[in-house]
Amino acid sequence: MSTVPIVTLNNGVKLPAIGLGCWSGTTPEEQAKSEPWILTALQNGYRHLDTAYGYGTEKYVGNAIRSSGIPREEIFVTTKLPSNHHARVAESLEESLKRAGLDYFDLYLMHWPMAFHYRPDGYKRPDGKPDLDEETTFSKTWADMEKLVGTGKVRAIGISNFSIQNLEILLKDAKIVPAMNQVELHPLLRQEDLVQYCKGKGIMLTAYSPTGYAQVREHPVVVKIAEKHKASPAQIALAWHVQRGYAACPKSTNSERQKENINLPTLDAEDIEKLNSIDENRHLCNYGPGPLVSGWTYEQLGWTPPKV
């Protein structure tokens with residue numbers, strides 16, 4: 001078993017390849033329960049925390065950091081700009097910093113390419129449909145994010161849920177190449193084209209939902225490799241990501257599983273080949289009822305539609 005490697009962003013900023021996903025449900029009560037297990041993760045050796053404005057856990061990430069006694073500069077913290085704040089980037093960042101009680105974030109991501117009109121009470125209209133803002137393109141939002149660089153409030157900026165199609169559009173006008181693209185990645189959604197494209201552009205990837213739910217963890221190929229290495233299926237999936245050369249942020253509230261997730265086996269070439277072979281190009285995350293994802297079609301996102 002090996003320790004977590006360090007990966008380097010295109011501006012020289014470094015981060016541990018395994019972080020802790022800090023999503024904790026949709027209610028304030030569920031979100032408040034995150035603080036103890038975030039603190040436990042820090043005590044277990046995690047130094048990379050992944051939150052978002054939309055997760056409602058920025059406050060608890062900040063609290064856990066302060067409670068840990070670990071110097072702030074030793075912990076890499078990511079948060080994300082929500083879709084209904086695309087036209088108010090600077091203000092939203094200030095709100096996130098205030099919520100977390102931090103002076104800066106290490107990485108600030110645009111959470112989704114689509115924009116919604118700003119509503120303090122959420123992003124949906126009274127009829128329950130997303131209130132799409134067609135005027136505020138992701139390129140405009142990126143230009144506003146670029147203005148944050150050099151303020152001391154972010155060390156790097158990036159995007160999330162961007163396909164090659166939308167990265168091509170973004171990069172036409174971008175003055176700063178995104179440091180990171182956080183996307184759903186796991187052995188059933190290998191996205192080799194996107195991985196190679198980002199590598200070629202100097203954009204680091206972070207995998208969310210990196211162990212792929214039960215569909216991956218209970219897959220016979222994954223289980224067999226786990227038995228071979230005397231490891232858990234989650235450890236096998238995470239080792240696969242790390243050996244592909246990018247970061248991954250699994251969520252775990254359990255102390256023992258947290259420890260497992262930063263103590264990974266080294267897979268051999270045959271293991272990697274077998275894991276690559278189970279790819280179905282299939283999103284497993286629940287993005288809500290189709291055919292739209294937050295008001296956008298799969299075609300607009302540049303994603304492969306889900307299998308019926």
# chains A, B, ... in the order shown; residues from 1 in each chain; ligands from 1

$ select_by_dssp --residues "region 34-151 of chain A" --states "alpha helix (DSSP H)" --output "count of residues only"
42

$ residues_around --residues "Val61 (chain A)" --least-positions-apart "4" --cutoff "9 Å" --atoms "only C-alpha atoms" --output "MDAnalysis selection string"
chainID A and resid 22 34:35 38:39 49:51 57 65:66 77 100

$ write_last_selection --atoms "C-alpha atoms" --output "PDB file, in the first residue's frame"
ATOM      1  CA  CYS A  22     -17.619  17.295   1.511  1.00  0.00           C
ATOM      2  CA  SER A  34     -20.528  17.010   8.183  1.00  0.00           C
ATOM      3  CA  GLU A  35     -18.240  18.858  10.593  1.00  0.00           C
ATOM      4  CA  ILE A  38     -14.455  16.349   8.083  1.00  0.00           C
ATOM      5  CA  LEU A  39     -12.459  16.905  11.284  1.00  0.00           C
ATOM      6  CA  LEU A  49     -11.006  19.156   1.126  1.00  0.00           C
ATOM      7  CA  ASP A  50     -13.554  19.614  -1.669  1.00  0.00           C
ATOM      8  CA  THR A  51     -16.675  21.667  -0.949  1.00  0.00           C
ATOM      9  CA  THR A  57     -20.817  22.770   3.976  1.00  0.00           C
ATOM     10  CA  ILE A  65      -9.878  23.247   9.807  1.00  0.00           C
ATOM     11  CA  ARG A  66      -9.786  25.560  12.827  1.00  0.00           C
ATOM     12  CA  VAL A  77      -9.419  23.712  -0.012  1.00  0.00           C
ATOM     13  CA  ALA A 100     -15.940  29.302   5.664  1.00  0.00           C
TER      14      ALA A 100
END

$ residues_around --residues "region 127-129 of chain A" --least-positions-apart "2" --cutoff "12 Å" --atoms "only C-alpha atoms" --output "JSON, numbers by chain"
{"A": [116, 117, 122, 123, 124, 125, 131, 132, 288, 289, 292, 293, 294, 295, 296]}

$ residues_around --residues "Asn181 (chain A)" --least-positions-apart "5" --cutoff "10 Å" --atoms "only C-alpha atoms" --output "list in words"
Leu109, Met110, His111, Ile157, Gly158, Ile159, Ser160, Asn161, Phe162, Ser163, Leu167, Leu194, Val195, Cys198, Ile203, Met204, Leu205, Thr206 and Ala207 of chain A

$ residues_around --residues "region 134-139 of chain A" --least-positions-apart "6" --cutoff "7 Å" --atoms "only C-alpha atoms" --output "ChimeraX atom specification"
/A:86-87,113-115,170

$ write_last_selection --atoms "C-alpha atoms" --output "mmCIF file, in the first residue's frame"
data_model
loop_
_atom_site.group_PDB
_atom_site.id
_atom_site.type_symbol
_atom_site.label_atom_id
_atom_site.label_comp_id
_atom_site.auth_asym_id
_atom_site.auth_seq_id
_atom_site.Cartn_x
_atom_site.Cartn_y
_atom_site.Cartn_z
ATOM 1 C CA HIS A 86 -22.507 33.301 -12.690
ATOM 2 C CA ALA A 87 -23.236 37.028 -13.064
ATOM 3 C CA PRO A 113 -21.259 25.526 -17.463
ATOM 4 C CA MET A 114 -24.920 26.640 -17.461
ATOM 5 C CA ALA A 115 -26.029 29.872 -15.771
ATOM 6 C CA LEU A 170 -13.994 28.404 -23.333
#

$ closest_residue --among "A:Trp37, A:Tyr46, A:Trp112, A:Trp240" --to "Asn63 (chain A)" --atoms "only C-alpha atoms"
A:Trp37

$ closest_residue --among "A:Cys249, A:Gln215, A:Asp271, A:Tyr208" --to "Glu227 (chain A)" --atoms "only C-alpha atoms"
A:Asp271

$ atom_distance --atom1 "CA of Lys14 (chain A)" --atom2 "CA of Ala156 (chain A)"
10.3 Å

$ closest_residue --among "A:Lys201, A:His48, A:Lys59, A:Arg282" --to "Glu184 (chain A)" --atoms "only C-alpha atoms"
A:Arg282

$ closest_atom_pairs --of "region 257-288 of chain A" --to "region 233-239 of chain A" --cutoff "7 Å" --atoms "only C-alpha atoms" --output "tab-separated table"
residue	atom	partner	partner_atom	distance
A:Glu260	CA	A:Gln235	CA	6.8
A:Asn261	CA	A:Gln235	CA	5.8
A:Leu264	CA	A:Gln235	CA	5.7
A:Pro265	CA	A:Ala239	CA	6.4
A:Thr266	CA	A:Ala239	CA	6.7
A:Leu267	CA	A:Ala239	CA	6.9

$ atom_distance --atom1 "CA of Thr40 (chain A)" --atom2 "CA of Gly12 (chain A)"
28.8 Å

$ closest_residue --among "A:Leu148, A:Ala248, A:Leu275, A:Leu284" --to "Ala90 (chain A)" --atoms "only C-alpha atoms"
A:Leu148

$ select_by_dssp --residues "region 26-215 of chain A" --states "strand (DSSP E)" --output "number ranges by chain"
A: 48-50, 76-81, 107-110, 157-160, 180-184, 204-208

$ residues_around --residues "Asp279 (chain A)" --least-positions-apart "5" --cutoff "10 Å" --atoms "only C-alpha atoms" --output "list in words"
His186, Pro187, Leu188, Leu189, Arg190, Gln191, Glu192 and Lys274 of chain A

$ residues_around --residues "region 92-94 of chain A" --least-positions-apart "6" --cutoff "12 Å" --atoms "only C-alpha atoms" --output "ChimeraX atom specification"
/A:52-54,58,78-86,100-105,107-110,118,120,141,144-145,147-148,151-154,157

$ atom_distance --atom1 "CA of Lys172 (chain A)" --atom2 "CA of Leu15 (chain A)"
27.5 Å
